[in-house]
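Chemist: Take a look at start-v1.csv, CSV, C-alpha atoms:
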```csv
chain,number,residue,atom,x,y,z
A,253,MET,CA,113.8,68.3,126.4
A,254,THR,CA,112.0,71.2,128.0
A,255,SER,CA,113.9,74.5,128.0
A,256,LEU,CA,111.0,76.8,128.4
A,257,GLY,CA,109.5,77.4,131.8
A,258,PRO,CA,105.9,78.1,132.5
A,259,ALA,CA,106.5,81.9,132.4
A,260,GLU,CA,108.3,81.9,129.1
A,261,ARG,CA,105.5,79.6,127.7
A,262,ALA,CA,102.9,82.1,128.9
A,263,VAL,CA,104.7,84.8,127.0
A,264,LEU,CA,104.9,82.8,123.8
A,265,LEU,CA,101.3,81.5,123.9
A,266,ALA,CA,99.9,85.0,124.4
A,267,PHE,CA,101.9,86.2,121.4
A,268,ALA,CA,100.7,83.2,119.4
A,269,ASP,CA,97.1,83.9,120.4
A,270,ASP,CA,97.5,87.5,119.3
A,271,GLU,CA,98.9,86.4,115.9
A,272,HIS,CA,96.2,83.8,115.5
A,273,LEU,CA,93.3,86.2,116.3
A,274,MET,CA,94.8,89.0,114.3
A,275,GLY,CA,95.3,86.7,111.3
A,276,GLN,CA,91.8,85.5,111.5
A,277,ARG,CA,90.3,89.0,111.8
A,278,HIS,CA,92.4,90.3,108.8
A,279,THR,CA,91.4,87.5,106.6
A,280,GLU,CA,87.7,88.4,107.1
A,281,TRP,CA,88.4,91.3,104.6
A,282,ILE,CA,88.8,88.9,101.7
A,283,GLY,CA,86.2,89.9,99.2
A,284,VAL,CA,85.0,93.0,101.0
A,285,ALA,CA,88.1,95.3,101.2
A,286,PRO,CA,87.7,98.7,99.5
A,287,PHE,CA,89.3,97.5,96.2
A,288,LEU,CA,90.4,94.2,94.7
A,289,GLU,CA,94.2,94.7,95.1
A,290,GLU,CA,93.8,95.6,98.7
A,291,ASP,CA,91.5,92.8,99.3
A,292,MET,CA,94.2,90.3,98.2
A,293,ALA,CA,97.0,92.1,100.0
A,294,PHE,CA,95.2,92.4,103.4
A,295,ALA,CA,94.1,88.8,103.5
A,296,SER,CA,97.6,87.8,102.5
A,297,ILE,CA,99.0,89.7,105.5
A,298,GLY,CA,96.5,87.9,107.6
A,299,GLN,CA,97.9,84.6,106.3
A,300,ASP,CA,101.4,85.7,107.4
A,301,GLU,CA,100.1,86.3,110.9
A,302,LEU,CA,98.5,82.9,111.0
A,303,GLY,CA,101.9,81.5,109.9
A,304,HIS,CA,103.6,83.3,112.8
A,305,ALA,CA,101.0,81.9,115.2
A,306,ALA,CA,101.6,78.4,113.9
A,307,MET,CA,105.4,78.7,114.3
A,308,LEU,CA,105.0,79.7,118.0
A,309,TYR,CA,102.4,77.1,118.8
A,310,GLU,CA,104.6,74.4,117.2
A,311,LEU,CA,107.6,75.6,119.2
A,312,VAL,CA,105.7,75.5,122.5
A,313,ILE,CA,104.5,71.9,121.7
A,314,SER,CA,107.8,70.5,120.5
A,315,ASP,CA,109.6,72.1,123.5
A,316,LEU,CA,107.1,70.3,125.9
A,317,THR,CA,107.2,66.9,124.1
A,318,GLY,CA,110.7,66.8,122.7
A,319,ALA,CA,109.3,65.7,119.4
A,320,PRO,CA,108.0,67.4,116.2
A,321,PRO,CA,104.5,68.7,116.8
A,322,SER,CA,101.6,66.7,115.3
A,323,ALA,CA,99.0,68.7,113.4
A,324,GLN,CA,96.4,67.6,116.0
A,325,ALA,CA,98.4,69.0,118.8
A,326,VAL,CA,98.8,72.3,117.1
A,327,ASP,CA,95.0,72.4,116.3
A,328,ALA,CA,94.3,71.5,119.9
A,329,LEU,CA,96.2,74.6,121.0
A,330,ALA,CA,94.9,76.9,118.3
A,331,PHE,CA,91.2,75.9,118.2
A,332,ARG,CA,90.2,73.6,121.0
A,333,ARG,CA,91.0,75.5,124.2
A,334,ASP,CA,88.2,77.0,126.2
A,335,PRO,CA,87.9,80.8,125.7
A,336,ALA,CA,89.1,81.4,129.2
A,337,ASP,CA,92.4,79.7,128.3
A,338,TYR,CA,93.3,82.0,125.4
A,339,ARG,CA,95.5,85.0,126.2
A,340,SER,CA,94.8,87.2,123.2
A,341,CYS,CA,94.5,91.0,123.6
A,342,TRP,CA,91.3,92.7,122.8
A,343,LEU,CA,92.8,94.7,120.0
A,344,ALA,CA,93.3,91.4,118.1
A,345,GLU,CA,89.9,90.1,119.0
A,346,ALA,CA,88.0,93.3,117.9
A,347,ALA,CA,85.5,92.9,115.0
A,348,CYS,CA,86.3,96.2,113.1
A,349,SER,CA,83.4,96.5,110.8
A,350,GLU,CA,84.8,99.8,109.4
A,351,TRP,CA,87.7,99.7,107.0
A,352,ALA,CA,89.3,102.7,108.8
A,353,SER,CA,89.3,100.8,112.1
A,354,ALA,CA,90.7,97.7,110.5
A,355,LEU,CA,93.5,99.8,108.9
A,356,VAL,CA,94.4,101.7,112.1
A,357,ARG,CA,94.3,98.5,114.0
A,358,HIS,CA,96.6,96.9,111.4
A,359,TRP,CA,99.1,99.7,111.8
A,360,MET,CA,98.9,99.6,115.7
A,361,TYR,CA,99.2,95.9,115.9
A,362,ASP,CA,102.1,95.5,113.4
A,363,THR,CA,104.0,98.4,115.1
A,364,ALA,CA,103.7,96.5,118.4
A,365,GLU,CA,104.4,93.2,116.7
A,366,ALA,CA,107.7,94.5,115.2
A,367,LEU,CA,108.8,95.5,118.8
A,368,ARG,CA,107.9,92.0,120.1
A,369,TRP,CA,109.8,90.2,117.4
A,370,GLN,CA,112.8,92.5,118.0
A,371,GLU,CA,112.9,91.2,121.6
A,372,LEU,CA,112.8,87.6,120.5
A,373,ALA,CA,115.5,88.2,117.8
A,374,GLY,CA,117.9,88.8,120.7
A,375,SER,CA,116.9,85.5,122.5
A,376,SER,CA,119.5,83.1,123.8
A,377,ASP,CA,117.3,80.3,122.3
A,378,VAL,CA,118.2,79.8,118.6
A,379,ARG,CA,114.7,78.4,117.9
A,380,LEU,CA,113.2,81.7,118.9
A,381,ARG,CA,115.8,83.7,117.0
A,382,ASP,CA,115.1,81.8,113.8
A,383,ILE,CA,111.4,82.3,114.1
A,384,ALA,CA,111.9,86.0,114.8
A,385,VAL,CA,114.2,86.5,111.7
A,386,ARG,CA,111.5,84.9,109.5
A,387,ALA,CA,108.7,87.0,111.0
A,388,MET,CA,110.6,90.3,110.9
A,389,SER,CA,111.2,89.9,107.2
A,390,GLU,CA,107.4,89.8,106.7
A,391,GLU,CA,106.7,92.6,109.3
A,392,ARG,CA,108.8,95.0,107.2
A,393,TYR,CA,106.3,94.6,104.5
A,394,HIS,CA,103.3,94.7,106.7
A,395,LEU,CA,104.3,98.1,108.2
A,396,ARG,CA,105.2,99.5,104.8
A,397,HIS,CA,101.8,98.5,103.6
A,398,ALA,CA,100.0,100.1,106.5
A,399,ASP,CA,102.1,103.3,106.2
A,400,ALA,CA,101.6,103.5,102.4
A,401,LEU,CA,97.8,103.4,102.9
A,402,LEU,CA,97.8,105.9,105.7
A,403,ASP,CA,100.1,108.3,103.8
A,404,ALA,CA,97.8,108.1,100.7
A,405,LEU,CA,94.7,108.7,102.8
A,406,ALA,CA,96.1,111.5,105.0
A,407,GLY,CA,95.5,114.2,102.5
A,408,ASP,CA,91.8,113.5,102.1
A,409,ALA,CA,89.5,115.3,104.5
A,410,ASP,CA,86.8,112.6,104.6
A,411,ALA,CA,89.4,109.9,105.0
A,412,GLY,CA,91.2,111.9,107.7
A,413,ALA,CA,88.0,112.3,109.7
A,414,ARG,CA,87.3,108.6,109.5
A,415,LEU,CA,90.8,107.7,110.5
A,416,ALA,CA,90.7,110.1,113.5
A,417,ASP,CA,87.5,108.4,114.7
A,418,ALA,CA,89.1,105.0,114.2
A,419,LEU,CA,92.1,106.1,116.1
A,420,ALA,CA,90.0,107.2,119.1
A,421,GLU,CA,88.1,103.9,119.0
A,422,MET,CA,91.2,101.7,118.8
A,423,LEU,CA,93.7,103.5,121.2
A,424,PRO,CA,92.2,102.0,124.4
A,425,LEU,CA,92.6,98.6,122.9
A,426,GLY,CA,96.1,99.4,121.5
A,427,VAL,CA,97.3,100.4,125.0
A,428,ALA,CA,95.8,97.2,126.4
A,429,LEU,CA,98.0,95.0,124.1
A,430,PHE,CA,100.8,95.8,126.5
A,431,ASP,CA,99.0,94.0,129.3
A,432,ASP,CA,101.4,91.1,130.1
A,433,PRO,CA,99.7,87.7,130.4
A,434,LEU,CA,99.0,86.0,133.7
A,435,GLY,CA,101.9,83.9,134.8
A,436,ALA,CA,104.5,85.7,132.7
A,437,ASP,CA,105.9,87.8,135.5
A,438,ASN,CA,109.1,85.9,136.1
A,439,ALA,CA,109.8,85.1,132.4
A,440,VAL,CA,113.6,85.0,131.7
A,441,GLY,CA,114.5,88.1,129.8
A,442,SER,CA,117.4,86.5,127.9
A,443,THR,CA,114.9,84.0,126.4
A,444,VAL,CA,111.8,86.0,125.6
A,445,GLY,CA,113.1,89.6,126.0
A,446,ARG,CA,111.5,92.4,128.0
A,447,PRO,CA,107.9,92.2,129.2
A,448,LEU,CA,105.3,94.0,127.1
A,449,ALA,CA,104.9,96.7,129.7
A,450,ALA,CA,108.5,97.7,129.0
A,451,LEU,CA,107.7,98.2,125.3
A,452,THR,CA,104.8,100.5,125.8
A,453,GLN,CA,106.7,103.8,125.6
A,454,GLU,CA,108.4,102.9,122.3
A,455,TRP,CA,105.0,102.0,120.8
A,456,GLN,CA,103.4,105.2,122.1
A,457,ALA,CA,106.2,107.3,120.6
A,458,ALA,CA,105.6,105.6,117.3
A,459,VAL,CA,101.9,106.3,117.5
A,460,ASP,CA,102.7,110.0,118.3
A,461,ARG,CA,105.0,110.2,115.3
A,462,ARG,CA,102.4,108.7,113.0
A,463,PHE,CA,99.2,110.3,114.2
A,464,GLY,CA,100.4,113.4,116.2
A,465,THR,CA,101.1,113.7,119.9
A,466,ARG,CA,98.6,113.1,122.7
A,467,THR,CA,98.3,112.8,126.5
A,468,TRP,CA,98.6,109.1,127.0
A,469,GLY,CA,97.6,109.3,130.7
A,470,SER,CA,94.1,110.5,129.7
A,471,ILE,CA,93.3,107.4,127.6
A,472,GLU,CA,91.0,105.1,129.4
A,473,THR,CA,92.1,101.6,128.6
A,474,VAL,CA,90.2,98.3,129.1
A,475,ASP,CA,90.7,95.8,131.9
A,476,GLN,CA,91.6,92.4,130.4
A,477,ALA,CA,92.7,91.1,133.8
A,478,ARG,CA,96.1,90.1,132.6
A,479,ARG,CA,94.5,88.8,129.4
A,480,THR,CA,92.4,86.2,131.2
A,481,LEU,CA,89.1,87.9,130.1
A,482,ARG,CA,87.8,87.6,126.6
A,483,SER,CA,86.2,90.6,124.9
A,484,ALA,CA,82.5,90.7,124.0
A,485,GLN,CA,83.6,90.2,120.3
A,486,PHE,CA,85.6,87.0,120.9
A,487,ALA,CA,82.6,84.7,120.8
A,488,THR,CA,81.8,85.3,117.2
A,489,VAL,CA,85.4,85.0,115.9
A,490,TYR,CA,85.8,81.9,118.1
A,491,ALA,CA,82.8,80.3,116.5
A,492,ASP,CA,83.9,81.2,113.0
A,493,MET,CA,87.4,79.9,113.3
A,494,ARG,CA,86.2,76.6,114.8
A,495,GLU,CA,83.3,76.1,112.4
A,496,VAL,CA,85.1,73.5,110.2
A,497,ILE,CA,87.2,71.7,112.7
A,498,MET,CA,84.3,71.1,115.1
A,499,LEU,CA,82.4,69.3,112.3
A,500,ASP,CA,84.8,66.4,113.0
A,501,PRO,CA,87.3,67.2,115.7
A,502,GLU,CA,89.2,64.0,115.2
A,503,ALA,CA,89.6,64.3,111.5
A,504,THR,CA,93.2,64.2,110.1
A,505,TRP,CA,93.7,66.9,107.5
B,34,MET,CA,93.7,105.5,90.9
B,35,LYS,CA,96.2,104.8,88.2
B,36,VAL,CA,96.8,101.6,86.3
B,37,TYR,CA,100.3,100.1,86.6
B,38,GLU,CA,101.8,97.3,84.6
B,39,VAL,CA,103.8,94.8,86.7
B,40,PHE,CA,107.0,93.0,85.6
B,41,LEU,CA,108.8,90.3,87.6
B,42,LYS,CA,112.3,88.9,87.3
B,43,LYS,CA,113.3,85.5,88.7
B,44,GLN,CA,116.8,84.7,89.8
B,45,GLY,CA,119.5,83.7,87.2
B,46,LYS,CA,119.6,85.1,83.7
B,47,ASP,CA,115.8,85.5,83.2
B,48,GLU,CA,114.7,88.8,81.9
B,49,PHE,CA,111.9,90.8,83.4
B,50,ARG,CA,108.5,89.5,82.3
B,51,HIS,CA,105.1,91.1,82.2
B,52,VAL,CA,102.9,89.4,84.8
B,53,GLY,CA,99.8,91.6,84.9
B,54,SER,CA,98.5,94.9,86.0
B,55,LEU,CA,96.8,96.6,88.9
B,56,GLU,CA,95.2,99.8,90.1
B,57,ALA,CA,96.8,101.8,92.8
B,58,ALA,CA,96.6,105.4,94.2
B,59,ASN,CA,100.4,106.1,93.8
B,60,ASP,CA,103.8,104.5,93.0
B,61,GLU,CA,104.5,103.3,96.6
B,62,LEU,CA,101.1,101.6,96.9
B,63,ALA,CA,101.6,100.1,93.5
B,64,ILE,CA,104.8,98.4,94.6
B,65,VAL,CA,103.3,97.4,98.0
B,66,LEU,CA,100.1,95.9,96.5
B,67,ALA,CA,101.9,94.3,93.5
B,68,ARG,CA,104.1,92.4,95.9
B,69,GLU,CA,101.1,90.6,97.5
B,70,ASN,CA,99.1,90.3,94.3
B,71,TYR,CA,101.9,88.9,92.0
B,72,ALA,CA,104.8,87.8,94.2
B,73,ARG,CA,103.4,86.4,97.4
B,74,ARG,CA,104.3,82.9,96.5
B,75,ALA,CA,107.9,83.8,95.6
B,76,GLU,CA,107.2,84.1,91.9
B,77,GLY,CA,110.2,86.5,91.5
B,78,GLU,CA,112.8,88.5,93.3
B,79,LEU,CA,112.8,91.8,91.5
B,80,MET,CA,109.9,93.9,90.4
B,81,TRP,CA,109.1,96.8,88.2
B,82,VAL,CA,105.8,98.6,88.3
B,83,VAL,CA,105.3,101.0,85.4
B,84,ASP,CA,102.6,103.7,85.3
B,85,ARG,CA,100.7,102.7,82.1
B,86,ASP,CA,100.6,106.4,81.1
B,87,HIS,CA,104.4,106.4,80.9
B,88,ILE,CA,104.4,103.6,78.3
B,89,HIS,CA,104.8,104.8,74.7
B,90,VAL,CA,102.8,102.5,72.4
B,91,GLY,CA,103.7,101.6,68.8
B,92,ASP,CA,100.4,100.4,67.3
B,93,GLU,CA,99.9,97.6,64.9
B,94,GLU,CA,99.2,100.0,61.9
B,95,PHE,CA,102.6,101.5,62.3
B,96,ILE,CA,104.7,98.6,63.6
B,97,ALA,CA,103.4,95.7,61.5
B,98,PRO,CA,101.3,96.9,58.5
B,99,ASN,CA,102.7,94.1,56.5
B,100,ALA,CA,103.7,90.7,57.9
B,101,ASP,CA,104.6,89.3,54.5
B,102,LYS,CA,108.3,90.0,54.1
B,103,PRO,CA,110.1,87.1,52.6
B,104,HIS,CA,112.9,89.4,51.4
B,105,ARG,CA,113.8,90.0,55.1
B,106,HIS,CA,114.4,86.3,55.8
B,107,ASN,CA,117.6,84.8,54.5
B,108,ASP,CA,117.8,81.1,55.1
B,109,GLY,CA,121.1,80.8,53.3
B,110,SER,CA,119.7,78.5,50.6
B,111,VAL,CA,120.6,80.7,47.7
B,112,VAL,CA,124.2,81.1,48.8
B,113,ALA,CA,124.5,77.4,49.6
B,114,GLU,CA,123.2,76.5,46.1
B,115,ARG,CA,125.7,78.8,44.5
B,116,ARG,CA,128.6,77.3,46.5
B,117,ARG,CA,127.4,73.8,45.7
B,118,ALA,CA,127.4,74.7,42.0
B,119,GLY,CA,130.9,76.2,42.3
B,120,ARG,CA,132.3,73.0,43.9
B,121,ALA,CA,130.7,71.0,41.1
B,122,ASP,CA,132.5,73.1,38.5
B,123,THR,CA,136.0,72.4,39.8
```
Taking this structure as input, can you express it in the form of structure tokens?
Modeler:
Amino acid sequence: MTSLGPAERAVLLAFADDEHLMGQRHTEWIGVAPFLEEDMAFASIGQDELGHAAMLYELVISDLTGAPPSAQAVDALAFRRDPADYRSCWLAEAACSEWASALVRHWMYDTAEALRWQELAGSSDVRLRDIAVRAMSEERYHLRHADALLDALAGDADAGARLADALAEMLPLGVALFDDPLGADNAVGSTVGRPLAALTQEWQAAVDRRFGTRTWGSIETVDQARRTLRSAQFATVYADMREVIMLDPEATW
Amino acid sequence: MKVYEVFLKKQGKDEFRHVGSLEAANDELAIVLARENYARRAEGELMWVVDRDHIHVGDEEFIAPNADKPHRHNDGSVVAERRRAGRADT
């Protein structure tokens, strides 16, 4: 029984790809975050995002097949598509070698993510509502974590300067998160909520409250071509996340 | 950074139990980080984090200078013996 059309599927797969890439990038901080406790917390947040990605991939597959998704089918979507078939935003793909950038990206992404789940929480599809409720309970923690760190660092001159640089670096990518994926134009609002473009202003207002006001029109964003183009930093994360599964693609885990 | 002691309480009648400690910059970060470090696998539902500097310590020299206190332990055997003797007399 298929109840999702191609457009709704495009919306959910783009969200799943964002969660997948974001989770993968966050977990790269295990062992190298600024201190032990943060190391554990940040990687754990990354695991939550991977869990959200899995729930969305599983929903898309079970909707198409009418049966519970096999692990192989989920892996095929998560790991075995060509780069051109992913619909992740460049904010989630970015490498972020500086902790300040990773932290600002974490806040930006989770602020946007909370808005996206809020849309799905109002879905007419109970499967989406259930996933959204679960994810929102974790997002409350993610945002509190990001805010607590930013609050603690705000009073320090050196940290403030680093965060300002990180903000300037990440804003063009943050704006580009709201690029709706190819094929999503006629998605049914009562199923998947408003398009990303319609959430931009709420997100920008939140950024202004957190980091101070700015002129949004002057920010040069990046052209992801409706999320059909992968960023220069995708290739390395793609290779890393497929490293094990490609040793034996047919293995049953 | 300050050191915090972390206590968790599971549902039901369990009391809070000490589960470990961590370093954090302030109270809010202590709670936020303790959640992921000590409760991410649903080990408990309620948490206390306590700044270690706020703990008043009674050291061993004051609290337990002498563990040998048989006079503090009444197992009832003396009373039982007396009552047994009383019953035998009647």
Chemist: Select all residues from chain A having any atom no more than 8 Å from an atom of chain B (counting only C-alpha atoms, ignoring ligands), output as a PyMOL selection string.
Modeler: chain A and resi 289-290+292-293+296+393+396-397+400-401+404
Chemist: Selection from above, C-alpha atoms, as a PDB file, in the frame of the given file, can you write it?
Modeler:
```pdb
ATOM      1  CA  GLU A 289      94.200  94.700  95.100  1.00  0.00           C
ATOM      2  CA  GLU A 290      93.800  95.600  98.700  1.00  0.00           C
ATOM      3  CA  MET A 292      94.200  90.300  98.200  1.00  0.00           C
ATOM      4  CA  ALA A 293      97.000  92.100 100.000  1.00  0.00           C
ATOM      5  CA  SER A 296      97.600  87.800 102.500  1.00  0.00           C
ATOM      6  CA  TYR A 393     106.300  94.600 104.500  1.00  0.00           C
ATOM      7  CA  ARG A 396     105.200  99.500 104.800  1.00  0.00           C
ATOM      8  CA  HIS A 397     101.800  98.500 103.600  1.00  0.00           C
ATOM      9  CA  ALA A 400     101.600 103.500 102.400  1.00  0.00           C
ATOM     10  CA  LEU A 401      97.800 103.400 102.900  1.00  0.00           C
ATOM     11  CA  ALA A 404      97.800 108.100 100.700  1.00  0.00           C
TER      12      ALA A 404
END
```
Chemist: Neighbouring residues of region 424-441 of chain A were defined as those with any atom within 8 Å, considering all atoms listed in the file; residues of the same chain fewer than 3 positions away were excluded. Please report them as a compact mmCIF listing (two decimals) with C-alpha atoms, keeping the file's coordinate frame.
Modeler:
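The resulting file, around01.txt, is reproduced below:
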```
# COMPACT_ATOMS: atom_id res chain seq x y z
CA GLY A 257 109.50 77.40 131.80
CA PRO A 258 105.90 78.10 132.50
CA ALA A 259 106.50 81.90 132.40
CA GLU A 260 108.30 81.90 129.10
CA ARG A 261 105.50 79.60 127.70
CA ALA A 262 102.90 82.10 128.90
CA VAL A 263 104.70 84.80 127.00
CA ALA A 266 99.90 85.00 124.40
CA ARG A 339 95.50 85.00 126.20
CA CYS A 341 94.50 91.00 123.60
CA TRP A 342 91.30 92.70 122.80
CA LEU A 343 92.80 94.70 120.00
CA ARG A 357 94.30 98.50 114.00
CA MET A 360 98.90 99.60 115.70
CA TYR A 361 99.20 95.90 115.90
CA ALA A 420 90.00 107.20 119.10
CA GLU A 421 88.10 103.90 119.00
CA VAL A 444 111.80 86.00 125.60
CA GLY A 445 113.10 89.60 126.00
CA ARG A 446 111.50 92.40 128.00
CA PRO A 447 107.90 92.20 129.20
CA LEU A 448 105.30 94.00 127.10
CA ALA A 449 104.90 96.70 129.70
CA LEU A 451 107.70 98.20 125.30
CA THR A 452 104.80 100.50 125.80
CA ILE A 471 93.30 107.40 127.60
CA GLU A 472 91.00 105.10 129.40
CA THR A 473 92.10 101.60 128.60
CA VAL A 474 90.20 98.30 129.10
CA ASP A 475 90.70 95.80 131.90
CA GLN A 476 91.60 92.40 130.40
CA ARG A 478 96.10 90.10 132.60
CA ARG A 479 94.50 88.80 129.40
CA THR A 480 92.40 86.20 131.20
```
Chemist: If you measure from CA of Glu301 (chain A) to CA of Glu271 (chain A), what distance in Å do you get, rounded to one decimal?
Modeler: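 Computed distance, CA of Glu301 (chain A) to CA of Glu271 (chain A), equals 5.1 Å.
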Chemist: At a cut-off of 8 Å, using only C-alpha atoms, what residues contact Val52 (chain B)? Leave out same-chain residues fewer than 3 positions from it and give the result as a PyMOL selection string.
Modeler: chain B and resi 38-41+71
Chemist: Could you check how far CA of Asp270 (chain A) sits from CA of Phe294 (chain A), in Å to one decimal?
Modeler: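 Result for CA of Asp270 (chain A) versus CA of Phe294 (chain A): 16.8 Å, one decimal.
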Chemist: My list of candidates is A:Ile497, A:Val356, A:Ala364, A:Ala285. Which is closest to Ala457 (chain A) when distances are computed with all atoms listed in the file?
Modeler: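 Under the stated criterion, the closest residue is A:Ala364.
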Chemist: Work out how far CA of Thr279 (chain A) is from CA of Leu308 (chain A), in Å to one decimal.
Modeler: 19.4 Å
Chemist: With all atoms listed in the file counted, which protein, DNA or RNA residues have an atom no more than 7 Å from (85.6, 75.6, 118.4) in the file frame? Please answer as a list in words.
Modeler: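 Every polymer residue passing the test: Phe331, Arg332, Tyr490, Ala491, Met493, Arg494, Glu495 and Met498 of chain A.
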Chemist: Keeping only C-alpha atoms, write those residues as a short mmCIF file (atom, residue, chain, number, x, y, z; two decimals), in the coordinates of the input.
Modeler:
```cif
data_model
loop_
_atom_site.label_atom_id
_atom_site.label_comp_id
_atom_site.auth_asym_id
_atom_site.auth_seq_id
_atom_site.Cartn_x
_atom_site.Cartn_y
_atom_site.Cartn_z
CA PHE A 331 91.20 75.90 118.20
CA ARG A 332 90.20 73.60 121.00
CA TYR A 490 85.80 81.90 118.10
CA ALA A 491 82.80 80.30 116.50
CA MET A 493 87.40 79.90 113.30
CA ARG A 494 86.20 76.60 114.80
CA GLU A 495 83.30 76.10 112.40
CA MET A 498 84.30 71.10 115.10
#
```
Chemist: So, with only C-alpha atoms as the atoms that count, which of A:His304, A:Arg379, A:Arg368, A:Arg333 lies closest to Ala450 (chain A)?
Modeler: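 Closest candidate: A:Arg368.
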Chemist: Identify, on the basis of only C-alpha atoms, every residue whose closest approach to Ala418 (chain A) does not exceed 9 Å; exclude the query and any residue fewer than 6 positions from it along the same chain; express the result as a list in words.
Modeler: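 Contacts, with the query itself left out: Glu350, Ala352, Ser353, Ala354, Leu355, Val356 and Arg357 of chain A.
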Chemist: Using only C-alpha atoms, collect all residues at a distance of at most 12 Å from (101.1, 82.4, 106.7) as written in the file, then present them as a list in words.
Modeler: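 Answer for this query, in the requested form: Glu271, His272, Met274, Gly275, Gln276, His278, Thr279, Ala295, Ser296, Ile297, Gly298, Gln299, Asp300, Glu301, Leu302, Gly303, His304, Ala305, Ala306, Met307, Arg386, Ala387, Glu390 and Glu391 of chain A; Arg73 and Arg74 of chain B.
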Chemist: Compare A:Leu423, A:Ile282, A:Ala484, A:Met388 by their minimum atom-to-atom distance to Thr467 (chain A), counting all atoms listed in the file, and give me the closest one.
Modeler: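 Closest to Thr467 (chain A) of all the choices is A:Leu423.
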Chemist: Might you pull out every residue within 7 Å of Lys42 (chain B), with all atoms listed in the file counted and same-chain residues fewer than 4 positions away left off, and present them as a list in words?
Modeler: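 The contact residues come out as Asp47, Glu48, Phe49, Arg50, Gly77, Glu78, Leu79 and Met80 of chain B.
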Chemist: Leaving out region 309-322 of chain A and any residue of its chain fewer than 2 positions from it, which residues lie within 8 Å of it when counting all atoms listed in the file, given as a PyMOL selection string?
Modeler: chain A and resi 253-256+261+264-265+268+305-307+324-326+329-330+379
